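Below is work36.cif, which holds mmCIF, C-alpha atoms and all ligand atoms.
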```cif
data_my_file
#
loop_
_atom_site.label_atom_id
_atom_site.label_comp_id
_atom_site.auth_asym_id
_atom_site.auth_seq_id
_atom_site.Cartn_x
_atom_site.Cartn_y
_atom_site.Cartn_z
CA MET U 957 -260.32 143.53 189.95
CA GLU U 958 -259.93 141.33 186.88
CA LYS U 959 -256.34 140.31 186.22
CA GLY U 960 -255.00 140.85 182.70
CA SER U 961 -251.52 139.91 181.51
CA PHE U 962 -248.68 141.45 183.48
CA ILE U 963 -247.76 145.04 182.50
CA PRO U 964 -244.21 145.75 183.72
CA PHE U 965 -242.92 149.15 184.77
CA HIS U 966 -240.45 149.22 181.93
CA ARG U 967 -239.44 147.44 178.74
CA PRO U 968 -236.34 148.30 176.74
CA TRP U 969 -236.91 149.31 173.11
CA PHE U 970 -234.59 148.41 170.27
CA SER U 971 -234.37 150.16 166.93
CA GLY U 972 -233.08 147.08 165.14
CA LYS U 973 -229.84 148.85 164.18
CA GLU U 974 -227.99 148.04 167.40
CA LEU U 975 -226.91 144.51 166.52
CA ALA U 976 -225.56 145.51 163.10
CA HIS U 977 -223.39 148.16 164.77
CA VAL U 978 -222.23 145.68 167.43
CA ALA U 979 -221.39 143.18 164.66
CA ASP U 980 -219.34 145.88 162.91
CA ALA U 981 -217.48 146.60 166.14
CA VAL U 982 -216.76 142.90 166.61
CA SER U 983 -215.56 142.38 163.06
CA SER U 984 -213.36 145.48 163.30
CA GLY U 985 -211.46 143.74 166.10
CA ARG U 986 -211.43 146.94 168.15
CA LEU U 987 -213.52 146.64 171.27
CA MET U 988 -211.79 148.87 173.80
CA GLY U 989 -213.17 152.32 174.50
CA ALA U 990 -212.77 155.69 172.74
CA GLY U 991 -212.97 154.12 169.29
CA PRO U 992 -214.99 155.03 166.20
CA PHE U 993 -218.37 154.13 167.73
CA ALA U 994 -217.77 156.27 170.82
CA GLY U 995 -216.68 159.03 168.42
CA ARG U 996 -219.89 158.76 166.38
CA CYS U 997 -222.07 158.82 169.52
CA GLU U 998 -220.19 161.85 170.81
CA LYS U 999 -220.56 163.72 167.50
CA LEU U 1000 -224.32 163.00 167.48
CA LEU U 1001 -224.66 164.19 171.08
CA GLU U 1002 -222.60 167.35 170.47
CA ALA U 1003 -224.69 168.23 167.40
CA ALA U 1004 -228.03 167.51 169.07
CA LEU U 1005 -227.22 169.19 172.38
CA GLY U 1006 -224.97 172.01 171.24
CA CYS U 1007 -222.27 171.34 173.84
CA LYS U 1008 -218.51 171.96 173.48
CA ARG U 1009 -217.60 168.31 174.01
CA ALA U 1010 -219.56 165.17 174.83
CA LEU U 1011 -217.69 162.16 176.20
CA CYS U 1012 -219.17 158.69 176.42
CA THR U 1013 -218.80 157.20 179.90
CA VAL U 1014 -219.66 153.88 181.52
CA SER U 1015 -222.57 155.49 183.41
CA ALA U 1016 -224.01 158.80 184.58
CA THR U 1017 -222.45 157.92 187.93
CA ALA U 1018 -219.02 157.86 186.25
CA ALA U 1019 -219.77 161.19 184.55
CA LEU U 1020 -220.61 162.74 187.94
CA GLU U 1021 -217.36 161.38 189.37
CA MET U 1022 -215.46 162.85 186.41
CA ALA U 1023 -217.06 166.26 187.02
CA GLY U 1024 -216.01 166.07 190.67
CA LEU U 1025 -212.42 165.22 189.73
CA LEU U 1026 -212.31 167.96 187.09
CA LEU U 1027 -213.41 170.56 189.63
CA GLY U 1028 -210.79 169.29 192.07
CA ILE U 1029 -213.41 168.49 194.68
CA GLY U 1030 -212.00 166.82 197.79
CA PRO U 1031 -212.00 166.67 201.59
CA ASN U 1032 -213.25 169.81 203.36
CA ASP U 1033 -215.35 170.74 200.33
CA GLU U 1034 -219.12 170.77 200.26
CA VAL U 1035 -221.36 169.98 197.31
CA VAL U 1036 -225.02 170.97 197.33
CA VAL U 1037 -227.39 168.29 196.05
CA PRO U 1038 -231.15 167.80 196.30
CA SER U 1039 -232.13 165.22 198.90
CA PHE U 1040 -234.73 163.86 196.46
CA ALA U 1041 -232.16 162.37 194.07
CA PHE U 1042 -230.41 159.17 193.12
CA VAL U 1043 -227.58 157.88 195.35
CA SER U 1044 -224.90 158.76 192.77
CA THR U 1045 -225.85 162.45 192.81
CA ALA U 1046 -224.30 162.61 196.30
CA ASN U 1047 -222.06 159.53 196.35
CA ALA U 1048 -219.89 160.75 193.46
CA PHE U 1049 -218.67 163.60 195.67
CA ALA U 1050 -218.61 161.70 198.97
CA LEU U 1051 -216.27 159.29 197.18
CA LEU U 1052 -213.84 162.19 196.76
CA GLY U 1053 -214.03 162.99 200.45
CA ALA U 1054 -216.42 165.94 200.08
CA THR U 1055 -219.56 166.46 202.15
CA PRO U 1056 -222.90 166.33 200.35
CA VAL U 1057 -225.15 169.13 201.61
CA PHE U 1058 -228.76 168.15 201.15
CA ALA U 1059 -231.10 170.90 199.97
CA ASP U 1060 -234.86 170.74 199.60
CA ILE U 1061 -236.89 170.60 196.41
CA ARG U 1062 -239.85 172.51 195.03
CA PRO U 1063 -243.29 170.97 195.55
CA ASP U 1064 -244.27 171.55 191.89
CA THR U 1065 -241.37 170.28 189.74
CA PHE U 1066 -239.57 168.26 192.47
CA ASN U 1067 -236.37 170.07 191.41
CA LEU U 1068 -233.98 171.96 193.72
CA ASP U 1069 -235.80 174.88 195.35
CA GLU U 1070 -233.75 177.90 194.38
CA GLU U 1071 -235.42 179.92 197.17
CA LYS U 1072 -233.95 177.55 199.78
CA LEU U 1073 -230.49 177.29 198.24
CA GLU U 1074 -228.83 180.19 200.00
CA ARG U 1075 -228.95 178.43 203.37
CA ALA U 1076 -227.12 175.44 201.84
CA ILE U 1077 -224.19 177.49 200.59
CA THR U 1078 -221.12 178.15 202.71
CA LYS U 1079 -217.50 179.18 202.11
CA LYS U 1080 -216.77 175.49 201.58
CA THR U 1081 -219.27 175.00 198.74
CA LYS U 1082 -217.44 173.82 195.64
CA ALA U 1083 -220.40 173.03 193.37
CA ILE U 1084 -224.17 172.82 193.06
CA VAL U 1085 -225.61 169.68 191.47
CA PRO U 1086 -229.22 170.25 190.39
CA VAL U 1087 -231.15 167.23 189.17
CA HIS U 1088 -233.56 167.84 186.29
CA TYR U 1089 -236.14 165.50 187.72
CA ALA U 1090 -238.13 163.50 185.17
CA GLY U 1091 -236.48 165.46 182.37
CA VAL U 1092 -238.18 168.68 183.48
CA GLY U 1093 -235.68 171.52 183.59
CA CYS U 1094 -234.95 173.14 186.94
CA ASN U 1095 -234.57 176.89 187.41
CA ILE U 1096 -230.99 176.74 186.22
CA LYS U 1097 -230.79 180.51 185.78
CA ALA U 1098 -231.46 181.17 189.45
CA ILE U 1099 -229.16 178.32 190.50
CA SER U 1100 -226.31 179.58 188.28
CA ALA U 1101 -226.73 183.08 189.73
CA PHE U 1102 -224.94 181.94 192.91
CA GLY U 1103 -221.75 182.06 190.81
CA LEU U 1104 -220.62 178.54 191.81
CA PRO U 1105 -219.73 175.72 189.43
CA VAL U 1106 -222.86 173.85 188.37
CA ILE U 1107 -222.96 170.17 187.45
CA GLU U 1108 -226.35 169.45 185.89
CA ASP U 1109 -227.51 165.95 186.75
CA ALA U 1110 -229.48 165.37 183.57
CA ALA U 1111 -229.38 161.59 183.97
CA LEU U 1112 -233.12 161.67 183.25
CA GLY U 1113 -232.97 164.76 181.03
CA LEU U 1114 -231.42 163.88 177.68
CA PHE U 1115 -232.83 166.03 174.85
CA ALA U 1116 -235.12 168.00 177.15
CA LYS U 1117 -234.85 171.79 177.17
CA ILE U 1118 -235.29 174.79 179.39
CA ASP U 1119 -235.72 178.26 177.89
CA GLY U 1120 -234.43 176.98 174.55
CA ALA U 1121 -231.23 175.37 175.88
CA SER U 1122 -230.66 171.61 176.11
CA LEU U 1123 -230.49 170.30 179.67
CA GLY U 1124 -226.90 169.49 180.56
CA THR U 1125 -225.41 172.27 178.41
CA ILE U 1126 -225.99 175.26 180.68
CA GLY U 1127 -223.84 174.53 183.74
CA ASP U 1128 -220.12 173.73 183.70
CA PHE U 1129 -220.97 170.08 183.10
CA GLY U 1130 -224.01 167.97 182.29
CA VAL U 1131 -224.37 164.25 182.89
CA PHE U 1132 -226.64 161.79 181.11
CA SER U 1133 -227.58 158.16 181.70
CA PHE U 1134 -228.11 155.34 179.20
CA HIS U 1135 -229.06 152.85 181.90
CA GLN U 1136 -231.65 150.28 180.83
CA THR U 1137 -234.59 152.21 182.30
CA LYS U 1138 -233.82 155.43 180.41
CA GLY U 1139 -235.37 156.49 177.10
CA LEU U 1140 -232.16 155.72 175.19
CA THR U 1141 -230.06 152.88 176.48
CA CYS U 1142 -227.11 150.56 176.02
CA GLY U 1143 -227.80 148.66 179.24
CA GLU U 1144 -225.33 150.63 181.34
CA GLY U 1145 -223.83 153.82 179.96
CA GLY U 1146 -223.61 157.56 180.27
CA ALA U 1147 -222.16 160.74 178.89
CA LEU U 1148 -220.50 163.87 180.21
CA ALA U 1149 -221.18 167.17 178.47
CA VAL U 1150 -218.23 169.47 179.02
CA ASN U 1151 -219.42 173.02 178.55
CA ARG U 1152 -216.17 174.83 179.36
CA ALA U 1153 -213.55 175.02 176.61
CA ASP U 1154 -210.78 175.31 179.22
CA ILE U 1155 -211.63 171.88 180.65
CA VAL U 1156 -212.12 169.81 177.48
CA GLU U 1157 -208.55 168.49 177.28
CA ARG U 1158 -208.44 167.63 180.99
CA ALA U 1159 -211.80 165.86 180.67
CA GLU U 1160 -210.26 163.52 178.11
CA THR U 1161 -207.34 162.91 180.49
CA VAL U 1162 -209.63 162.07 183.41
CA LEU U 1163 -211.69 159.78 181.13
CA HIS U 1164 -208.55 157.77 180.29
CA PHE U 1165 -207.22 156.85 183.76
CA GLY U 1166 -205.79 160.35 184.27
CA THR U 1167 -203.45 159.89 181.30
CA ASP U 1168 -202.92 161.69 178.01
CA ARG U 1169 -203.89 158.53 176.16
CA ALA U 1170 -206.37 160.46 173.95
CA GLN U 1171 -203.38 162.23 172.36
CA TYR U 1172 -201.66 158.88 171.86
CA LEU U 1173 -204.80 157.30 170.34
CA ALA U 1174 -205.06 160.29 167.99
CA LYS U 1175 -201.45 159.51 166.96
CA LYS U 1176 -200.33 162.91 168.18
CA GLN U 1177 -197.67 161.35 170.42
CA ASP U 1178 -195.84 158.02 170.67
CA SER U 1179 -196.73 157.15 174.25
CA TYR U 1180 -198.86 158.32 177.13
CA SER U 1181 -198.26 158.89 180.80
CA TRP U 1182 -200.05 159.59 184.08
CA CYS U 1183 -200.94 163.28 184.26
CA GLU U 1184 -203.59 163.62 187.00
CA LYS U 1185 -206.21 161.69 188.96
CA GLY U 1186 -208.65 159.83 186.73
CA SER U 1187 -210.13 156.41 186.27
CA SER U 1188 -211.36 153.93 183.69
CA PHE U 1189 -214.46 155.87 182.66
CA SER U 1190 -214.60 155.03 178.96
CA PRO U 1191 -217.15 152.40 177.80
CA SER U 1192 -216.28 149.52 175.48
CA GLU U 1193 -217.08 149.87 171.78
CA LEU U 1194 -219.63 147.08 172.24
CA CYS U 1195 -221.67 149.49 174.36
CA THR U 1196 -221.23 152.56 172.17
CA ALA U 1197 -221.96 150.55 169.01
CA PHE U 1198 -225.24 149.52 170.61
CA LEU U 1199 -225.89 153.06 171.79
CA LEU U 1200 -225.37 154.46 168.29
CA GLY U 1201 -228.36 152.41 167.12
CA GLN U 1202 -230.43 154.19 169.75
CA LEU U 1203 -229.06 157.68 169.20
CA GLU U 1204 -229.78 157.38 165.47
CA SER U 1205 -233.42 156.81 166.44
CA ALA U 1206 -233.62 159.60 169.01
CA ASP U 1207 -236.36 161.49 167.13
CA PHE U 1208 -238.61 158.45 166.97
CA ILE U 1209 -237.96 157.62 170.63
CA LEU U 1210 -238.78 161.13 171.80
CA LYS U 1211 -241.88 161.39 169.62
CA SER U 1212 -243.25 158.04 170.77
CA ARG U 1213 -242.58 158.71 174.45
CA ARG U 1214 -244.07 162.20 174.31
CA ALA U 1215 -247.20 160.76 172.67
CA LEU U 1216 -247.56 158.20 175.50
CA TRP U 1217 -246.92 160.89 178.13
CA GLN U 1218 -249.66 163.03 176.57
CA THR U 1219 -252.07 160.08 176.42
CA TYR U 1220 -251.60 159.47 180.15
CA HIS U 1221 -251.78 163.18 180.91
CA LEU U 1222 -255.07 163.78 179.10
CA ALA U 1223 -256.65 160.60 180.38
CA LEU U 1224 -255.77 161.38 184.00
CA GLU U 1225 -256.99 164.98 183.96
CA ASP U 1226 -260.32 163.83 185.30
CA ALA U 1227 -258.68 162.03 188.25
CA GLU U 1228 -256.82 165.23 189.09
CA LYS U 1229 -260.02 167.30 188.89
CA LYS U 1230 -261.65 164.89 191.34
CA GLY U 1231 -258.69 165.39 193.70
CA LEU U 1232 -257.61 161.72 193.47
CA ALA U 1233 -254.04 162.35 192.26
CA LYS U 1234 -251.91 165.17 190.95
CA ARG U 1235 -250.34 164.97 187.47
CA PRO U 1236 -246.82 166.25 186.65
CA PHE U 1237 -246.35 170.01 186.41
CA ILE U 1238 -244.38 171.35 183.47
CA PRO U 1239 -243.26 174.97 184.04
CA LYS U 1240 -243.26 177.61 181.31
CA GLY U 1241 -240.15 177.36 179.16
CA ALA U 1242 -239.58 173.66 179.88
CA ILE U 1243 -239.79 171.05 177.13
CA HIS U 1244 -239.61 167.66 178.85
CA ASN U 1245 -238.37 164.42 177.30
CA ALA U 1246 -241.13 162.12 178.58
CA CYS U 1247 -238.68 159.96 180.47
CA GLN U 1248 -241.43 158.82 182.87
CA TYR U 1249 -244.99 159.53 183.99
CA SER U 1250 -245.76 159.94 187.67
CA LEU U 1251 -248.73 160.69 189.88
CA LEU U 1252 -248.71 162.32 193.30
CA LEU U 1253 -251.07 160.67 195.77
CA ALA U 1254 -252.56 162.31 198.87
CA ASP U 1255 -250.21 160.64 201.36
CA GLU U 1256 -247.89 157.68 201.83
CA LYS U 1257 -250.70 155.30 202.81
CA MET U 1258 -252.63 156.12 199.62
CA ARG U 1259 -249.48 155.84 197.50
CA ASP U 1260 -248.55 152.45 198.92
CA LEU U 1261 -252.12 151.24 198.51
CA PHE U 1262 -252.16 152.53 194.92
CA ILE U 1263 -248.98 150.60 194.07
CA LYS U 1264 -250.30 147.49 195.85
CA LYS U 1265 -253.68 147.55 194.11
CA MET U 1266 -252.09 148.22 190.73
CA ALA U 1267 -249.86 145.17 191.35
CA GLN U 1268 -252.91 143.10 192.28
CA ALA U 1269 -254.33 144.06 188.88
CA ASN U 1270 -251.03 142.96 187.31
CA VAL U 1271 -249.73 146.49 186.61
CA GLN U 1272 -246.32 147.42 187.99
CA ALA U 1273 -246.29 150.97 189.35
CA THR U 1274 -243.26 152.05 191.39
CA SER U 1275 -242.18 154.67 193.90
CA HIS U 1276 -239.00 156.69 193.38
CA TYR U 1277 -235.99 158.02 195.33
CA PRO U 1278 -235.99 157.72 199.12
CA PRO U 1279 -234.71 161.06 200.50
CA LEU U 1280 -230.91 160.80 200.60
CA HIS U 1281 -230.64 162.51 203.99
CA GLN U 1282 -232.64 159.64 205.50
CA THR U 1283 -230.43 156.87 204.09
CA PRO U 1284 -227.75 155.30 206.34
CA ALA U 1285 -224.86 156.77 204.30
CA GLY U 1286 -226.64 160.10 203.85
CA LYS U 1287 -226.98 160.45 207.64
CA ARG U 1288 -223.33 159.57 208.15
CA LEU U 1289 -221.75 161.50 205.30
CA GLY U 1290 -224.05 164.44 204.61
CA ILE U 1291 -225.36 167.65 206.16
CA ASN U 1292 -228.96 168.85 206.00
CA ALA U 1293 -229.43 172.42 204.84
CA GLY U 1294 -232.48 173.08 206.99
CA PRO U 1295 -235.73 171.11 206.95
CA LEU U 1296 -236.10 168.78 203.97
CA SER U 1297 -239.81 168.32 204.36
CA VAL U 1298 -240.74 168.64 200.68
CA SER U 1299 -238.21 165.95 199.70
CA GLU U 1300 -239.66 163.69 202.39
CA ASP U 1301 -243.23 164.45 201.38
CA ILE U 1302 -242.76 163.91 197.61
CA SER U 1303 -240.78 160.73 198.19
CA ARG U 1304 -243.66 159.31 200.25
CA ARG U 1305 -246.37 160.28 197.74
CA ILE U 1306 -244.96 159.68 194.26
CA ALA U 1307 -245.93 156.70 192.08
CA ARG U 1308 -244.68 156.07 188.57
CA LEU U 1309 -246.77 154.34 185.92
CA PRO U 1310 -245.49 151.77 183.41
CA PHE U 1311 -243.68 153.64 180.67
CA TRP U 1312 -241.72 152.52 177.62
CA THR U 1313 -241.05 153.75 174.10
CA ASP U 1314 -243.28 151.42 172.07
CA MET U 1315 -246.05 150.79 174.55
CA ASP U 1316 -249.08 150.04 172.35
CA LYS U 1317 -252.41 151.85 172.59
CA ALA U 1318 -254.21 148.87 174.14
CA THR U 1319 -251.61 148.58 176.94
CA ALA U 1320 -251.72 152.32 177.65
CA GLU U 1321 -255.51 152.20 177.76
CA LYS U 1322 -255.39 149.23 180.12
CA VAL U 1323 -253.02 151.06 182.50
CA ILE U 1324 -255.27 154.12 182.41
CA GLU U 1325 -258.44 152.08 183.00
CA ILE U 1326 -256.89 150.24 185.95
CA ALA U 1327 -255.36 153.43 187.38
CA HIS U 1328 -258.79 155.09 187.27
CA LYS U 1329 -260.45 152.16 189.02
CA VAL U 1330 -257.71 151.92 191.66
CA LEU U 1331 -257.74 155.68 192.31
CA ALA U 1332 -261.52 155.74 192.64
CA GLY U 1333 -261.41 152.87 195.15
CA LEU U 1334 -258.61 154.08 197.42
C1 LIG Z 1 -230.77 161.71 188.93
C2 LIG Z 1 -229.89 160.54 188.64
N1 LIG Z 1 -228.55 160.70 188.64
C3 LIG Z 1 -227.72 159.68 188.37
C4 LIG Z 1 -228.20 158.42 188.09
C5 LIG Z 1 -227.23 157.31 187.83
O1 LIG Z 1 -227.29 156.87 186.48
P1 LIG Z 1 -226.40 155.63 186.03
O2 LIG Z 1 -227.16 154.39 186.38
O3 LIG Z 1 -226.24 155.80 184.54
O4 LIG Z 1 -225.10 155.72 186.73
C6 LIG Z 1 -229.58 158.20 188.10
C7 LIG Z 1 -230.14 156.88 187.80
O5 LIG Z 1 -231.31 156.71 187.60
C8 LIG Z 1 -230.45 159.28 188.38
O6 LIG Z 1 -231.78 159.12 188.45
#
```
Could you write out this file's structure as structure tokens?
Amino acid sequence: MEKGSFIPFHRPWFSGKELAHVADAVSSGRLMGAGPFAGRCEKLLEAALGCKRALCTVSATAALEMAGLLLGIGPNDEVVVPSFAFVSTANAFALLGATPVFADIRPDTFNLDEEKLERAITKKTKAIVPVHYAGVGCNIKAISAFGLPVIEDAALGLFAKIDGASLGTIGDFGVFSFHQTKGLTCGEGGALAVNRADIVERAETVLHFGTDRAQYLAKKQDSYSWCEKGSSFSPSELCTAFLLGQLESADFILKSRRALWQTYHLALEDAEKKGLAKRPFIPKGAIHNACQYSLLLADEKMRDLFIKKMAQANVQATSHYPPLHQTPAGKRLGINAGPLSVSEDISRRIARLPFWTDMDKATAEKVIEIAHKVLAGL
């Protein structure tokens, strides 16, 4: 196949406002965390999401760790997570001494299978951590019905909705990622949505090393001291200044990404009809955020060949999470809640296409043209 110029999997997008905000932060002379830029990002997030409190964190990983600390999760506790997830979804709780219990996912949305959850829950279960895979909301209603604390891993789900509610605002906590590959980014960053009024103050304590420094910074007291377990979870103002430039452009980002998602989706309908690949499934009530576009190939051999042939045509397609229960640490630290065959199957068959906010029409058309040719020749 003819080689065009290289099309990467991802390119960061900049609004143009980021550097002005960073310059303001620098000239203010205040670079440490929890300053005015973090405050502005948090206000924007709270207004857009409708959550009680949003806290900027250094990553979604940090936000997951905060949620674990806030729920008092520790040794002898179990936390149910999907096996088809990022390392941090389980590691955040293993770090606290808890046991991740791997549950299987649904074959349509690749989200936790609520029908298979019961077998994962024991007297030791302290929380359920559903991932909203690809920004497509999971069946949070059914998951919440177990009556256990829910930490929504919405690392990929910012500004997506399920049944009218923003992802990350339905469970006790929601976590978001601003890592470079996400729709909105500051390189490395995250946020914790705290949805329980009774935990807001403690969340600020855990964010600041386990101290009441937030009260001190707000000039409500003259000093601060160590109150409970926490860590250094608050990002520098350099990061939140940058992030503000992205959050201010959230509407444009979402609109552009949804347009690209739709372009791929329509163009690949034919390939799905021919049985060459399956396109993403969006359930009723879910409004996704177009954080990625993936295809499901017939089997692992086809998927690997697809990625290889795309690469030979200079287009970078990628796989996604290896099942956590098959990783060295997952085997050592976790428990399997029954067979995890869907997680294994999806992990072997998924391929993600190049996706970024301002991908131009010609590039999208090139990816589609090459994907069609590769699929037809597998
Ligand atoms: C589901 C999920 N959770 C958590 C994370 C971790 O995000 P971060 O890199 O911001 O810590 C990721 C990263 O992609 C993810 O996919």
Please report the interatomic distance between CA of Val1036 (chain U) and atom C6 of ligand LIG 1 (chain Z) in Å with one decimal. 16.4 Å
Which residues come within 10 Å of Ile1126 (chain U), counting only C-alpha atoms, excluding same-chain residues fewer than 6 positions away, as a ChimeraX atom specification? /U:1007,1096-1097,1100,1106-1108,1118,1149-1152
Take CA of Ala1019 (chain U) and atom O6 of ligand LIG 1 (chain Z) and report the distance between them in Å, one decimal. 12.8 Å
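With CA of Leu1163 (chain U) on one side and CA of Gly1186 (chain U) on the other, the separation reads 6.4 Å.
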Within 6 Å of ligand LIG 1 (chain Z) (counting only C-alpha atoms and all ligand atoms), which residues show up? I'd like them as a PDB file with C-alpha atoms, in the frame of the given file.
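Dumped everything to pocket.pdb:
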```pdb
ATOM      1  CA  SER U1015    -222.570 155.490 183.410  1.00  0.00           C
ATOM      2  CA  ALA U1016    -224.010 158.800 184.580  1.00  0.00           C
ATOM      3  CA  THR U1017    -222.450 157.920 187.930  1.00  0.00           C
ATOM      4  CA  ALA U1041    -232.160 162.370 194.070  1.00  0.00           C
ATOM      5  CA  PHE U1042    -230.410 159.170 193.120  1.00  0.00           C
ATOM      6  CA  SER U1044    -224.900 158.760 192.770  1.00  0.00           C
ATOM      7  CA  THR U1045    -225.850 162.450 192.810  1.00  0.00           C
ATOM      8  CA  VAL U1087    -231.150 167.230 189.170  1.00  0.00           C
ATOM      9  CA  ASP U1109    -227.510 165.950 186.750  1.00  0.00           C
ATOM     10  CA  ALA U1111    -229.380 161.590 183.970  1.00  0.00           C
ATOM     11  CA  LEU U1112    -233.120 161.670 183.250  1.00  0.00           C
ATOM     12  CA  SER U1133    -227.580 158.160 181.700  1.00  0.00           C
ATOM     13  CA  PHE U1134    -228.110 155.340 179.200  1.00  0.00           C
ATOM     14  CA  HIS U1135    -229.060 152.850 181.900  1.00  0.00           C
ATOM     15  CA  GLY U1145    -223.830 153.820 179.960  1.00  0.00           C
ATOM     16  CA  GLY U1146    -223.610 157.560 180.270  1.00  0.00           C
TER      17      GLY U1146
END
```
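Near Thr1125 (chain U), within 10 Å and counting all atoms listed in the file, sit Glu1002, Leu1005, Gly1006, Cys1007, Lys1008, Arg1009, Ala1010, Ile1107, Glu1108, Ala1110, Lys1117, Ala1121, Ser1122, Leu1123, Gly1127, Asp1128, Phe1129, Gly1130, Val1131, Leu1148, Ala1149, Val1150, Asn1151 and Arg1152 of chain U, not including residues fewer than 2 positions from it in the same chain.
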Region 1328-1334 of chain U: which residues within 8 Å, counting only C-alpha atoms, same-chain residues fewer than 5 positions away excluded, as a compact mmCIF listing (two decimals) with C-alpha atoms, keeping the file's coordinate frame?
```txt
# COMPACT_ATOMS: atom_id res chain seq x y z
CA LEU U 1224 -255.77 161.38 184.00
CA ALA U 1227 -258.68 162.03 188.25
CA LEU U 1232 -257.61 161.72 193.47
CA ALA U 1233 -254.04 162.35 192.26
CA MET U 1258 -252.63 156.12 199.62
CA LEU U 1261 -252.12 151.24 198.51
CA PHE U 1262 -252.16 152.53 194.92
CA LYS U 1265 -253.68 147.55 194.11
CA MET U 1266 -252.09 148.22 190.73
```
So which one's closest to Lys1211 (chain U), U:Tyr1277, U:Pro1284, U:Ala1023, U:Asp1314? Using all atoms listed in the file, please. U:Asp1314
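The point (-231.6, 165.9, 171.9) has these residues within 7 Å of it, counting all atoms listed in the file: Ala1004, Leu1005, Leu1114, Phe1115 and Ala1116 of chain U.
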Since we have the selection now, will you write its residues out, keeping C-alpha atoms, as a CSV table (one decimal), in the coordinates of the input?
```
chain,number,residue,atom,x,y,z
U,1004,ALA,CA,-228.0,167.5,169.1
U,1005,LEU,CA,-227.2,169.2,172.4
U,1114,LEU,CA,-231.4,163.9,177.7
U,1115,PHE,CA,-232.8,166.0,174.8
U,1116,ALA,CA,-235.1,168.0,177.2
```
